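The data block below is upload-v6.cif; it holds mmCIF, C-alpha atoms.
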data_target
loop_
_atom_site.label_atom_id
_atom_site.label_comp_id
_atom_site.auth_asym_id
_atom_site.auth_seq_id
_atom_site.Cartn_x
_atom_site.Cartn_y
_atom_site.Cartn_z
CA MET U 30 -46.59 1.63 15.77
CA ILE U 31 -43.63 2.16 13.46
CA PHE U 32 -40.14 1.65 14.92
CA GLY U 33 -41.65 1.97 18.39
CA TYR U 34 -43.25 5.37 17.72
CA THR U 35 -46.92 6.18 17.42
CA GLU U 36 -48.38 7.85 14.36
CA GLU U 37 -48.84 11.07 16.32
CA GLN U 38 -45.18 11.16 17.37
CA LEU U 39 -43.98 10.54 13.81
CA ALA U 40 -46.31 13.19 12.40
CA GLN U 41 -45.13 15.75 14.97
CA PHE U 42 -41.47 14.97 14.24
CA PHE U 43 -41.78 15.22 10.47
CA LEU U 44 -44.01 18.29 10.56
CA THR U 45 -41.40 20.04 12.70
CA TYR U 46 -38.07 18.82 11.36
CA GLY U 47 -39.04 17.43 7.96
CA VAL U 48 -40.70 20.62 6.81
CA GLY U 49 -37.84 22.64 8.31
CA ALA U 50 -35.32 20.60 6.30
CA PHE U 51 -37.47 21.05 3.20
CA ILE U 52 -37.48 24.84 3.73
CA ALA U 53 -33.68 24.85 4.08
CA PHE U 54 -33.40 22.88 0.83
CA MET U 55 -35.76 25.30 -0.91
CA VAL U 56 -33.64 28.27 0.25
CA PHE U 57 -30.62 26.56 -1.33
CA ILE U 58 -32.57 26.08 -4.58
CA ILE U 59 -33.70 29.73 -4.61
CA TRP U 60 -30.13 30.92 -3.97
CA ARG U 61 -28.78 28.71 -6.76
CA LEU U 62 -31.50 29.92 -9.13
CA ALA U 63 -30.59 33.55 -8.38
CA ARG U 64 -26.89 32.85 -8.85
CA GLU U 65 -27.28 30.98 -12.15
CA SER U 66 -29.61 33.62 -13.59
CA LYS U 67 -27.11 36.38 -12.65
CA ALA U 68 -29.94 38.31 -11.05
CA GLY U 69 -27.75 40.75 -9.11
CA LYS U 70 -28.45 41.98 -5.60
CA PHE U 71 -31.88 43.46 -6.25
CA GLY U 72 -32.97 40.53 -8.42
CA THR U 73 -31.87 38.07 -5.75
CA PHE U 74 -33.82 40.05 -3.17
CA VAL U 75 -36.95 39.96 -5.33
CA ILE U 76 -36.57 36.22 -5.94
CA PHE U 77 -36.20 35.51 -2.23
CA LEU U 78 -39.09 37.84 -1.42
CA GLY U 79 -41.42 36.30 -3.97
CA LEU U 80 -40.56 32.67 -3.34
CA GLY U 81 -39.78 32.93 0.35
CA VAL U 82 -43.01 34.49 1.62
CA GLY U 83 -44.45 31.04 2.33
CA PHE U 84 -41.49 30.24 4.56
CA ILE U 85 -42.20 33.30 6.66
CA GLY U 86 -45.78 32.14 7.12
CA TYR U 87 -44.63 28.70 8.25
CA LEU U 88 -42.14 30.17 10.70
CA ALA U 89 -44.78 32.55 12.01
CA LYS U 90 -47.08 29.55 12.59
CA ILE U 91 -44.40 27.86 14.69
CA VAL U 92 -43.81 30.99 16.78
CA ILE U 93 -47.54 31.58 17.31
CA GLN U 94 -48.05 27.94 18.33
CA TRP U 95 -45.15 28.15 20.79
CA TRP U 96 -46.48 31.40 22.24
CA MET U 97 -50.02 30.03 22.70
CA GLU U 98 -48.81 26.79 24.35
CA ARG U 99 -46.59 28.36 26.98
#
Rewrite the structure of this file - the entire thing - as structure tokens.
Amino acid sequence: MIFGYTEEQLAQFFLTYGVGAFIAFMVFIIWRLARESKAGKFGTFVIFLGLGVGFIGYLAKIVIQWWMER
């Protein structure tokens, strides 16, 4: 037990909120990269599409899990 929580509880918390925070930070990095490279609207769209596809998969996993558990 760590701080009164079991390993399972900590893993569930960090897999839900930790990875979510990491995704939000990565979106900020992608946006900053697009801005500093002066990519324009289409270039920014392509950067977000190319680098953000993994985020969509993670979010889809959360939705599918929620749907199957209800």
| Result set of the PyMOL selection byres ((chain U and resi 56-65) around 10) on the coordinates above, as a list of chain:residue names | U:Ala50, U:Phe51, U:Ile52, U:Ala53, U:Phe54, U:Met55, U:Ser66, U:Lys67, U:Ala68, U:Gly69, U:Lys70, U:Gly72, U:Thr73, U:Phe74, U:Val75, U:Ile76, U:Phe77, U:Leu80, U:Gly81, U:Phe84
Generate the output file for the selected residues, C-alpha atoms, as a CSV table (one decimal), keeping the file's coordinate frame.
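Result written to again_3.csv:
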chain,number,residue,atom,x,y,z
U,50,ALA,CA,-35.3,20.6,6.3
U,51,PHE,CA,-37.5,21.0,3.2
U,52,ILE,CA,-37.5,24.8,3.7
U,53,ALA,CA,-33.7,24.8,4.1
U,54,PHE,CA,-33.4,22.9,0.8
U,55,MET,CA,-35.8,25.3,-0.9
U,66,SER,CA,-29.6,33.6,-13.6
U,67,LYS,CA,-27.1,36.4,-12.6
U,68,ALA,CA,-29.9,38.3,-11.0
U,69,GLY,CA,-27.8,40.8,-9.1
U,70,LYS,CA,-28.4,42.0,-5.6
U,72,GLY,CA,-33.0,40.5,-8.4
U,73,THR,CA,-31.9,38.1,-5.8
U,74,PHE,CA,-33.8,40.0,-3.2
U,75,VAL,CA,-37.0,40.0,-5.3
U,76,ILE,CA,-36.6,36.2,-5.9
U,77,PHE,CA,-36.2,35.5,-2.2
U,80,LEU,CA,-40.6,32.7,-3.3
U,81,GLY,CA,-39.8,32.9,0.4
U,84,PHE,CA,-41.5,30.2,4.6
Give me the residues within 12 Å of stretch 43-46 of chain U as a PDB file with C-alpha atoms, in the frame of the given file, counting only C-alpha atoms and dropping any in the same chain fewer than 6 places off.
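Result file out.pdb:
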ATOM      1  CA  GLU U  36     -48.380   7.850  14.360  1.00  0.00           C
ATOM      2  CA  GLU U  37     -48.840  11.070  16.320  1.00  0.00           C
ATOM      3  CA  ILE U  52     -37.480  24.840   3.730  1.00  0.00           C
ATOM      4  CA  ALA U  53     -33.680  24.850   4.080  1.00  0.00           C
ATOM      5  CA  TYR U  87     -44.630  28.700   8.250  1.00  0.00           C
ATOM      6  CA  LEU U  88     -42.140  30.170  10.700  1.00  0.00           C
ATOM      7  CA  LYS U  90     -47.080  29.550  12.590  1.00  0.00           C
ATOM      8  CA  ILE U  91     -44.400  27.860  14.690  1.00  0.00           C
ATOM      9  CA  VAL U  92     -43.810  30.990  16.780  1.00  0.00           C
ATOM     10  CA  GLN U  94     -48.050  27.940  18.330  1.00  0.00           C
TER      11      GLN U  94
END
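In this model, the gap between atom CA of U:Met97 and atom CA of U:Tyr34 comes to 26.1 Å.
Of note, atom CA of U:Met30 and atom CA of U:Phe42 are spaced 14.4 Å apart.
As for atom CA of U:Thr35 and atom CA of U:Arg99, they are spaced 24.2 Å apart.
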